[in-house]
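Quick look at structure-v1.pdb (PDB, C-alpha atoms):
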```
ATOM      1  CA  MET A   5       1.687 -61.389 -17.295
ATOM      2  CA  SER A   6       4.458 -59.611 -19.163
ATOM      3  CA  SER A   7       6.580 -56.988 -17.455
ATOM      4  CA  SER A   8       5.189 -54.218 -19.689
ATOM      5  CA  GLU A   9       1.614 -55.199 -18.798
ATOM      6  CA  ALA A  10       2.502 -55.234 -15.098
ATOM      7  CA  ALA A  11       4.082 -51.801 -15.449
ATOM      8  CA  ARG A  12       0.972 -50.536 -17.260
ATOM      9  CA  ARG A  13      -1.269 -51.907 -14.519
ATOM     10  CA  GLY A  14       0.928 -50.323 -11.839
ATOM     11  CA  LEU A  15       0.765 -46.985 -13.627
ATOM     12  CA  SER A  16      -3.017 -47.064 -13.948
ATOM     13  CA  ALA A  17      -3.310 -48.032 -10.251
ATOM     14  CA  SER A  18      -1.156 -45.066  -9.240
ATOM     15  CA  ARG A  19      -3.272 -42.808 -11.474
ATOM     16  CA  ALA A  20      -6.423 -44.099  -9.766
ATOM     17  CA  VAL A  21      -4.903 -43.411  -6.338
ATOM     18  CA  ARG A  22      -3.972 -39.901  -7.431
ATOM     19  CA  ARG A  23      -7.493 -39.344  -8.743
ATOM     20  CA  VAL A  24      -8.993 -40.490  -5.437
ATOM     21  CA  LEU A  25      -6.653 -38.199  -3.510
ATOM     22  CA  ARG A  26      -7.552 -35.239  -5.729
ATOM     23  CA  THR A  27     -11.271 -35.910  -5.296
ATOM     24  CA  ALA A  28     -10.833 -36.164  -1.533
ATOM     25  CA  ALA A  29      -8.925 -32.865  -1.542
ATOM     26  CA  LEU A  30     -11.660 -31.221  -3.614
ATOM     27  CA  ILE A  31     -14.351 -32.476  -1.226
ATOM     28  CA  GLY A  32     -12.271 -31.171   1.680
ATOM     29  CA  VAL A  33     -12.062 -27.737   0.080
ATOM     30  CA  LEU A  34     -15.796 -27.705  -0.677
ATOM     31  CA  LEU A  35     -16.548 -28.574   2.947
ATOM     32  CA  ALA A  36     -14.025 -26.103   4.314
ATOM     33  CA  VAL A  37     -15.292 -23.048   2.401
ATOM     34  CA  PRO A  38     -18.737 -22.881   4.094
ATOM     35  CA  ALA A  39     -17.072 -23.664   7.430
ATOM     36  CA  LEU A  40     -14.718 -20.701   6.964
ATOM     37  CA  ALA A  41     -17.614 -18.479   5.952
ATOM     38  CA  ALA A  42     -19.473 -19.519   9.096
ATOM     39  CA  ALA A  43     -16.387 -18.655  11.122
ATOM     40  CA  GLN A  44     -16.726 -15.026  10.023
ATOM     41  CA  GLU A  45     -19.273 -14.317  12.724
ATOM     42  CA  PHE A  46     -18.786 -12.054  15.683
ATOM     43  CA  ASP A  47     -20.158 -12.208  19.141
ATOM     44  CA  PHE A  48     -21.099  -8.766  20.436
ATOM     45  CA  GLN A  49     -22.462  -7.555  23.722
ATOM     46  CA  VAL A  50     -24.190  -4.215  24.133
ATOM     47  CA  SER A  51     -24.578  -2.774  27.628
ATOM     48  CA  VAL A  52     -26.657   0.328  28.250
ATOM     49  CA  LEU A  53     -25.696   2.135  31.446
ATOM     50  CA  HIS A  54     -27.113   5.082  33.323
ATOM     51  CA  ALA A  55     -24.595   7.389  34.981
ATOM     52  CA  THR A  56     -26.223   9.658  37.578
ATOM     53  CA  PRO A  57     -25.045  12.498  39.841
ATOM     54  CA  GLY A  58     -26.248  10.546  42.892
ATOM     55  CA  GLY A  59     -26.718   6.926  43.866
ATOM     56  CA  SER A  60     -24.311   4.009  43.911
ATOM     57  CA  VAL A  61     -22.543   1.700  41.516
ATOM     58  CA  GLY A  62     -24.365  -1.519  40.687
ATOM     59  CA  LYS A  63     -22.473  -4.806  40.958
ATOM     60  CA  ASP A  64     -22.838  -5.550  37.262
ATOM     61  CA  ALA A  65     -21.598  -2.032  36.384
ATOM     62  CA  ALA A  66     -18.434  -2.280  38.488
ATOM     63  CA  ARG A  67     -16.083  -3.156  35.633
ATOM     64  CA  PHE A  68     -17.369  -0.236  33.546
ATOM     65  CA  ASP A  69     -17.097   2.031  36.586
ATOM     66  CA  ARG A  70     -13.377   1.231  36.827
ATOM     67  CA  LEU A  71     -12.921   2.516  33.269
ATOM     68  CA  LEU A  72     -15.228   5.528  33.482
ATOM     69  CA  ARG A  73     -14.565   6.839  37.011
ATOM     70  CA  PRO A  74     -11.157   8.439  36.252
ATOM     71  CA  ARG A  75     -12.518  10.167  33.150
ATOM     72  CA  VAL A  76     -16.160  11.172  33.770
ATOM     73  CA  ARG A  77     -17.817  12.854  36.747
ATOM     74  CA  TYR A  78     -20.779  10.920  38.173
ATOM     75  CA  GLU A  79     -21.762   9.103  41.362
ATOM     76  CA  GLY A  80     -24.115   6.301  40.462
ATOM     77  CA  LEU A  81     -23.758   3.816  37.633
ATOM     78  CA  ARG A  82     -26.118   0.987  36.865
ATOM     79  CA  VAL A  83     -26.805  -1.322  33.951
ATOM     80  CA  VAL A  84     -30.156  -0.532  32.347
ATOM     81  CA  GLU A  85     -30.012  -3.191  29.670
ATOM     82  CA  GLN A  86     -27.582  -5.785  28.379
ATOM     83  CA  LYS A  87     -27.943  -7.725  25.145
ATOM     84  CA  GLY A  88     -25.834 -10.079  23.085
ATOM     85  CA  ALA A  89     -25.785 -10.533  19.333
ATOM     86  CA  ARG A  90     -23.978 -12.867  17.013
ATOM     87  CA  LEU A  91     -23.488 -11.138  13.672
ATOM     88  CA  ALA A  92     -21.968 -12.140  10.366
ATOM     89  CA  ALA A  93     -19.866  -9.633   8.475
ATOM     90  CA  ASN A  94     -22.018  -6.762   7.157
ATOM     91  CA  ALA A  95     -25.051  -7.764   9.223
ATOM     92  CA  ILE A  96     -26.525  -4.961  11.323
ATOM     93  CA  GLY A  97     -27.215  -5.217  15.018
ATOM     94  CA  GLN A  98     -29.564  -2.713  16.560
ATOM     95  CA  VAL A  99     -30.537  -1.752  20.100
ATOM     96  CA  LYS A 100     -33.268   0.714  20.950
ATOM     97  CA  LEU A 101     -32.007   2.935  23.735
ATOM     98  CA  PRO A 102     -34.250   4.158  26.577
ATOM     99  CA  ASP A 103     -34.121   7.747  25.266
ATOM    100  CA  GLY A 104     -35.566   6.683  21.916
ATOM    101  CA  GLN A 105     -32.303   6.648  19.975
ATOM    102  CA  ARG A 106     -31.186   3.579  18.104
ATOM    103  CA  PHE A 107     -27.694   2.269  18.485
ATOM    104  CA  ARG A 108     -26.655   0.343  15.398
ATOM    105  CA  PHE A 109     -23.448  -1.488  14.693
ATOM    106  CA  ARG A 110     -22.169  -3.470  11.767
ATOM    107  CA  PRO A 111     -18.946  -5.455  11.374
ATOM    108  CA  ILE A 112     -17.762  -4.187   7.993
ATOM    109  CA  ASP A 113     -14.343  -5.781   7.766
ATOM    110  CA  PRO A 114     -13.838  -9.113   9.450
ATOM    111  CA  ALA A 115     -10.096  -9.147   8.750
ATOM    112  CA  GLY A 116      -8.336  -9.146  12.105
ATOM    113  CA  PRO A 117      -7.241  -8.164  14.601
ATOM    114  CA  GLY A 118     -10.773  -8.038  15.994
ATOM    115  CA  ALA A 119     -13.273  -6.524  13.592
ATOM    116  CA  LEU A 120     -13.743  -3.145  11.977
ATOM    117  CA  VAL A 121     -17.189  -2.052  13.088
ATOM    118  CA  ALA A 122     -19.314   0.819  11.821
ATOM    119  CA  ILE A 123     -21.356   2.540  14.535
ATOM    120  CA  ASP A 124     -24.437   4.678  14.155
ATOM    121  CA  MET A 125     -26.171   6.348  17.081
ATOM    122  CA  GLY A 126     -28.457   9.228  16.192
ATOM    123  CA  ARG A 127     -26.262  11.770  14.449
ATOM    124  CA  THR A 128     -23.051  10.144  15.592
ATOM    125  CA  LYS A 129     -21.332   7.815  13.191
ATOM    126  CA  GLY A 130     -17.946   6.203  13.253
ATOM    127  CA  ASP A 131     -15.714   3.276  12.396
ATOM    128  CA  PHE A 132     -13.815   1.469  15.112
ATOM    129  CA  ARG A 133     -11.422  -1.460  15.220
ATOM    130  CA  LEU A 134     -12.928  -3.528  18.018
ATOM    131  CA  ARG A 135     -10.889  -6.129  19.844
ATOM    132  CA  ALA A 136     -12.073  -8.727  22.301
ATOM    133  CA  GLY A 137     -11.803  -7.501  25.867
ATOM    134  CA  LYS A 138     -11.532  -3.859  24.877
ATOM    135  CA  PRO A 139     -14.878  -2.082  25.224
ATOM    136  CA  LEU A 140     -16.019   0.805  23.068
ATOM    137  CA  ILE A 141     -17.919   3.282  25.247
ATOM    138  CA  PHE A 142     -20.187   6.070  24.028
ATOM    139  CA  GLY A 143     -21.624   8.516  26.529
ATOM    140  CA  GLY A 144     -23.222  11.879  26.838
ATOM    141  CA  SER A 145     -26.896  11.460  25.921
ATOM    142  CA  SER A 146     -28.939  13.089  28.687
ATOM    143  CA  TRP A 147     -31.597  10.854  30.182
ATOM    144  CA  ARG A 148     -33.524  11.071  33.442
ATOM    145  CA  GLY A 149     -31.166  13.513  35.140
ATOM    146  CA  GLY A 150     -28.060  11.589  34.127
ATOM    147  CA  ASP A 151     -26.205  10.342  31.099
ATOM    148  CA  LEU A 152     -26.810   7.277  29.015
ATOM    149  CA  VAL A 153     -23.692   5.272  28.319
ATOM    150  CA  VAL A 154     -23.576   2.633  25.612
ATOM    151  CA  VAL A 155     -20.863  -0.011  25.717
ATOM    152  CA  LEU A 156     -20.141  -2.252  22.745
ATOM    153  CA  GLU A 157     -17.875  -5.235  23.301
ATOM    154  CA  LEU A 158     -16.556  -7.935  21.041
ATOM    155  CA  ARG A 159     -16.465 -11.227  22.907
ATOM    156  CA  GLU A 160     -13.943 -13.999  22.324
TER     157      GLU A 160
ATOM    158  CA  MET B  37      -7.083 -10.564  -1.791
ATOM    159  CA  SER B  38      -7.431 -11.975  -5.317
ATOM    160  CA  ASP B  39      -5.358 -14.882  -6.646
ATOM    161  CA  THR B  40      -3.481 -12.529  -8.966
ATOM    162  CA  GLU B  41      -2.554 -10.190  -6.107
ATOM    163  CA  ARG B  42      -1.493 -13.139  -3.963
ATOM    164  CA  ARG B  43       0.627 -14.510  -6.793
ATOM    165  CA  THR B  44       2.266 -11.123  -7.389
ATOM    166  CA  LEU B  45       3.064 -10.798  -3.676
ATOM    167  CA  GLN B  46       4.536 -14.303  -3.659
ATOM    168  CA  LEU B  47       6.531 -13.500  -6.763
ATOM    169  CA  HIS B  48       8.034 -10.398  -5.182
ATOM    170  CA  ALA B  49       8.726 -12.268  -1.950
ATOM    171  CA  TYR B  50      10.425 -15.062  -3.931
ATOM    172  CA  HIS B  51      12.436 -12.525  -5.919
ATOM    173  CA  ASP B  52      13.525 -10.766  -2.735
ATOM    174  CA  GLY B  53      14.430 -14.075  -1.035
ATOM    175  CA  GLU B  54      11.782 -13.609   1.661
ATOM    176  CA  LEU B  55      10.039 -16.976   1.302
ATOM    177  CA  GLY B  56      10.758 -19.792   3.712
ATOM    178  CA  ARG B  57      12.167 -23.088   2.515
ATOM    179  CA  TRP B  58       8.763 -24.809   2.139
ATOM    180  CA  ALA B  59       7.097 -21.807   0.498
ATOM    181  CA  ARG B  60      10.070 -21.409  -1.836
ATOM    182  CA  TRP B  61       9.879 -25.064  -2.868
ATOM    183  CA  ARG B  62       6.140 -24.795  -3.504
ATOM    184  CA  PHE B  63       6.578 -21.580  -5.449
ATOM    185  CA  GLU B  64       9.334 -23.090  -7.589
ATOM    186  CA  ARG B  65       7.039 -25.984  -8.451
ATOM    187  CA  ARG B  66       4.427 -23.465  -9.447
ATOM    188  CA  LEU B  67       6.986 -21.523 -11.482
ATOM    189  CA  ALA B  68       7.875 -24.681 -13.373
ATOM    190  CA  ARG B  69       4.219 -25.015 -14.427
ATOM    191  CA  ASP B  70       3.427 -21.359 -15.036
ATOM    192  CA  PRO B  71       5.184 -19.637 -17.950
ATOM    193  CA  ASP B  72       3.476 -16.296 -17.137
ATOM    194  CA  ALA B  73       4.930 -16.328 -13.645
ATOM    195  CA  ARG B  74       8.354 -17.172 -15.057
ATOM    196  CA  ALA B  75       8.117 -14.236 -17.466
ATOM    197  CA  GLU B  76       7.025 -11.929 -14.648
ATOM    198  CA  LEU B  77       9.934 -13.078 -12.503
ATOM    199  CA  GLU B  78      12.316 -12.508 -15.389
ATOM    200  CA  GLY B  79      10.884  -8.984 -15.743
ATOM    201  CA  LEU B  80      11.497  -8.331 -12.045
ATOM    202  CA  ARG B  81      15.067  -9.557 -12.322
ATOM    203  CA  SER B  82      15.835  -7.397 -15.352
ATOM    204  CA  LEU B  83      14.213  -4.400 -13.649
ATOM    205  CA  GLY B  84      16.437  -4.972 -10.594
ATOM    206  CA  GLU B  85      19.518  -5.136 -12.795
ATOM    207  CA  LEU B  86      18.474  -1.956 -14.598
ATOM    208  CA  LEU B  87      18.036  -0.167 -11.272
ATOM    209  CA  ARG B  88      21.418  -1.349 -10.042
ATOM    210  CA  GLU B  89      23.032  -0.183 -13.264
ATOM    211  CA  SER B  90      21.425   3.243 -13.011
ATOM    212  CA  GLU B  91      22.566   3.474  -9.361
ATOM    213  CA  ASP B  92      26.098   2.771 -10.488
ATOM    214  CA  LEU B  93      25.883   5.336 -13.278
ATOM    215  CA  ALA B  94      24.357   8.127 -11.219
ATOM    216  CA  GLU B  95      27.299   9.633  -9.419
ATOM    217  CA  THR B  96      26.265  12.109  -6.774
ATOM    218  CA  PRO B  97      28.520  15.156  -6.835
ATOM    219  CA  ASP B  98      29.974  16.103  -3.472
ATOM    220  CA  LEU B  99      28.434  19.559  -3.248
ATOM    221  CA  TRP B 100      29.052  19.913   0.460
ATOM    222  CA  SER B 101      32.825  20.268   0.067
ATOM    223  CA  ALA B 102      32.207  23.129  -2.369
ATOM    224  CA  ILE B 103      29.518  24.838  -0.270
ATOM    225  CA  ARG B 104      31.140  24.523   3.140
ATOM    226  CA  PRO B 105      34.025  27.028   2.677
ATOM    227  CA  ALA B 106      31.546  29.621   1.394
ATOM    228  CA  LEU B 107      29.324  29.459   4.517
ATOM    229  CA  PRO B 108      29.887  31.965   7.354
ATOM    230  CA  ARG B 109      31.252  30.220  10.437
ATOM    231  CA  ARG B 110      29.051  30.657  13.545
ATOM    232  CA  PRO B 111      30.941  31.050  16.818
ATOM    233  CA  GLU B 112      28.622  28.654  18.746
ATOM    234  CA  ALA B 113      29.120  26.029  16.057
ATOM    235  CA  ALA B 114      32.842  26.329  16.597
ATOM    236  CA  GLY B 115      32.219  25.948  20.355
ATOM    237  CA  ALA B 116      30.132  22.857  19.756
ATOM    238  CA  ALA B 117      32.952  21.390  17.705
ATOM    239  CA  ARG B 118      35.315  22.026  20.615
ATOM    240  CA  ASP B 119      32.852  20.304  22.983
ATOM    241  CA  PHE B 120      33.116  17.201  20.830
ATOM    242  CA  GLY B 121      36.840  17.168  21.457
ATOM    243  CA  GLY B 122      37.788  19.160  18.385
ATOM    244  CA  TRP B 123      38.148  16.116  16.174
ATOM    245  CA  LEU B 124      34.577  16.138  14.869
ATOM    246  CA  PRO B 125      33.499  18.583  12.127
ATOM    247  CA  SER B 126      31.349  21.553  13.103
ATOM    248  CA  TRP B 127      28.246  20.047  11.536
ATOM    249  CA  ALA B 128      28.550  16.852  13.600
ATOM    250  CA  PRO B 129      25.806  17.796  16.146
ATOM    251  CA  ALA B 130      23.382  18.534  13.306
ATOM    252  CA  GLY B 131      24.420  15.286  11.614
ATOM    253  CA  LEU B 132      23.896  13.315  14.813
ATOM    254  CA  ALA B 133      20.482  14.936  15.329
ATOM    255  CA  ALA B 134      19.510  14.082  11.748
ATOM    256  CA  ALA B 135      20.718  10.509  12.275
ATOM    257  CA  ALA B 136      18.687  10.266  15.493
ATOM    258  CA  VAL B 137      15.577  11.504  13.671
ATOM    259  CA  ALA B 138      16.222   8.997  10.876
ATOM    260  CA  VAL B 139      16.545   6.160  13.411
ATOM    261  CA  MET B 140      13.337   7.228  15.144
ATOM    262  CA  LEU B 141      11.532   7.366  11.798
ATOM    263  CA  ALA B 142      12.911   3.978  10.797
ATOM    264  CA  VAL B 143      11.838   2.455  14.109
ATOM    265  CA  GLY B 144       8.430   4.073  13.825
ATOM    266  CA  LEU B 145       7.905   3.005  10.230
ATOM    267  CA  GLY B 146       9.380  -0.425  10.803
ATOM    268  CA  GLY B 147       6.844  -1.022  13.548
ATOM    269  CA  GLY B 148       4.090  -1.452  10.946
ATOM    270  CA  ASP B 149       3.464  -5.005  12.102
ATOM    271  CA  ALA B 150       2.966  -3.936  15.695
ATOM    272  CA  PRO B 151      -0.743  -3.884  16.556
ATOM    273  CA  ASP B 152      -2.194  -0.409  16.817
ATOM    274  CA  PRO B 153      -3.906  -0.260  20.236
ATOM    275  CA  SER B 154      -6.253   2.557  19.240
ATOM    276  CA  SER B 155      -9.741   1.736  17.956
ATOM    277  CA  LEU B 156     -10.977   4.970  16.476
ATOM    278  CA  ARG B 157     -10.701   5.031  12.695
ATOM    279  CA  TRP B 158     -13.304   7.631  11.800
ATOM    280  CA  LEU B 159     -15.902   9.670  13.706
ATOM    281  CA  ASP B 160     -18.619  12.091  12.652
ATOM    282  CA  THR B 161     -20.628  13.598  15.486
ATOM    283  CA  GLY B 162     -22.997  15.512  13.221
ATOM    284  CA  GLY B 163     -21.544  18.891  14.154
ATOM    285  CA  ARG B 164     -21.683  18.330  17.919
ATOM    286  CA  SER B 165     -18.710  18.584  20.217
ATOM    287  CA  ALA B 166     -17.212  15.303  21.293
ATOM    288  CA  ALA B 167     -14.213  14.239  23.307
ATOM    289  CA  VAL B 168     -12.156  11.094  22.900
ATOM    290  CA  LEU B 169     -11.488  10.535  26.592
ATOM    291  CA  GLN B 170      -9.504   7.371  26.055
ATOM    292  CA  ASP B 171      -8.395   5.263  23.120
ATOM    293  CA  ASP B 172      -5.739   2.757  24.048
ATOM    294  CA  GLY B 173      -5.316  -0.951  24.648
ATOM    295  CA  GLU B 174      -7.749  -0.919  27.569
ATOM    296  CA  ALA B 175     -10.826   0.888  26.226
ATOM    297  CA  THR B 176     -12.153   3.534  23.896
ATOM    298  CA  ILE B 177     -14.338   6.181  25.521
ATOM    299  CA  ILE B 178     -16.128   8.772  23.389
ATOM    300  CA  TRP B 179     -18.194  11.431  25.109
ATOM    301  CA  ILE B 180     -20.656  13.523  23.135
ATOM    302  CA  LEU B 181     -20.654  16.835  24.980
ATOM    303  CA  ASP B 182     -23.951  18.310  23.798
ATOM    304  CA  ALA B 183     -25.820  15.200  22.739
ATOM    305  CA  ASP B 184     -29.515  15.419  22.000
ATOM    306  CA  PRO B 185     -31.789  12.486  21.406
ATOM    307  CA  SER B 186     -32.808  11.895  17.810
ATOM    308  CA  THR B 187     -34.193   8.567  16.782
ATOM    309  CA  GLY B 188     -32.177   6.713  14.194
ATOM    310  CA  ARG B 189     -33.972   4.978  11.369
ATOM    311  CA  GLY B 190     -33.128   1.992   9.226
ATOM    312  CA  ASP B 191     -33.207  -1.735   8.945
ATOM    313  CA  GLY B 192     -31.371  -4.031  11.227
ATOM    314  CA  VAL B 193     -31.665  -6.844  13.697
ATOM    315  CA  VAL B 194     -33.373  -5.419  16.768
ATOM    316  CA  LEU B 195     -31.827  -7.300  19.670
TER     317      LEU B 195
END
```
Structure encoded using structure tokens:
Amino acid sequence: MSSSEAARRGLSASRAVRRVLRTAALIGVLLAVPALAAAQEFDFQVSVLHATPGGSVGKDAARFDRLLRPRVRYEGLRVVEQKGARLAANAIGQVKLPDGQRFRFRPIDPAGPGALVAIDMGRTKGDFRLRAGKPLIFGGSSWRGGDLVVVLELRE
Amino acid sequence: MSDTERRTLQLHAYHDGELGRWARWRFERRLARDPDARAELEGLRSLGELLRESEDLAETPDLWSAIRPALPRRPEAAGAARDFGGWLPSWAPAGLAAAAVAVMLAVGLGGGDAPDPSSLRWLDTGGRSAAVLQDDGEATIIWILDADPSTGRGDGVVL
């Protein structure tokens, strides 16, 4: 085999290696894109509480009580309902509240930190930047001699 | 962010010397392949030179030296100058205050990368009174003061 033929063979082998590497990279990208899209999901928890002028604080409402007690006047606090939802960006989560209202929430911008979430509860609407471990609390709807309190949390 | 926007940002960062060693090397490789990017970079460079030239040309007249003798001298300003040991001009306290404000503004504006602990971006209570009882790094508490139940409508995943 002449030296020029050997060089030509070496060149074509290196081209083949490069082609294989490019194909592998392309496959990697194609696999990564749906994986990234799937990663744009958010884990929410909605807690519906009832704050009353009498009664006691339920065990499962204790952590909300610590936040609410310094700011709102009530005696009793208990969890009426608690639900979780895993939502993709722009998907709508909805909880029917005991007073007939619907509490709806929608992650509209997944770009961090946390998620920008649009909220809709009766006539109240708003956008909030939710972060994990930092609850968003809505209160004030009268129900059964007390107030309904809705807590939306983004979980890790 | 689109590819074009990303490229423009990279181009500006490269031009301003803000890219790290690895990013700079990658961008230079890209520049070598992309004549449009090279032309854009050249445009940025010539724009920078033009700005520098115009800065050099634009001489700011020292108006203060002309205005100052014409201003009435306030006795307390003279006292303030004495308090500063007499070697500072009478407008030094005002200058220091302005500098302090500028520093505070710079610190405030420079803190753009610091995470904003508040959550509330926009709120419409439909004409009802509401109070934001708390909005910090711990929690956001919104209280609708005269809430009345009205059933919302629309599609969505009922949990």
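Counting from atom CA of B:Gln170, the distance to atom CA of A:Gly143 is 12.2 Å.
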So which residues get picked by the ChimeraX specification (/B :<6) & /A here, written as a ChimeraX atom specification? /A:96-99,104-106,126-133,138-145
Could you jot down the atom CA of A:Val84 to atom CA of A:Pro102 separation for me, Å, one decimal place? 8.5 Å
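Comparing B:Glu76, B:Leu55, B:Arg60, B:Arg65 by their smallest distance to B:Thr40, the closest is B:Glu76 (using all atoms listed in the file).
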Leaving out A:Gly58 and any residue of its chain fewer than 6 positions from it, which residues lie within 12 Å of it when counting only C-alpha atoms, given as an MDAnalysis selection string? chainID A and resid 77:82 148:151
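Take atom CA of A:Ala122 and atom CA of A:Asn94: the distance between them is 9.3 Å.
The protein and nucleic acid residues lying at most 9 Å from stretch 51-53 of chain B are B:Arg60, B:Leu77, B:Leu80, B:Arg81, with all atoms listed in the file considered and sequence neighbours fewer than 6 positions away removed.
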With the PyMOL selection byres ((chain A and resi 155) around 12) as the selection, what would be picked from this file? Answer as a PyMOL selection string, please. (chain A and resi 48-54+65+67-69+71-72+83-88+99+101+107-109+123+125+134+137-143+152-154+156-158) or (chain B and resi 175-179)
Show me, as a count of residues only, the residues that have an atom within 12 Å of B:Glu78 when counting only C-alpha atoms, minus same-chain residues fewer than 4 positions from it. 13
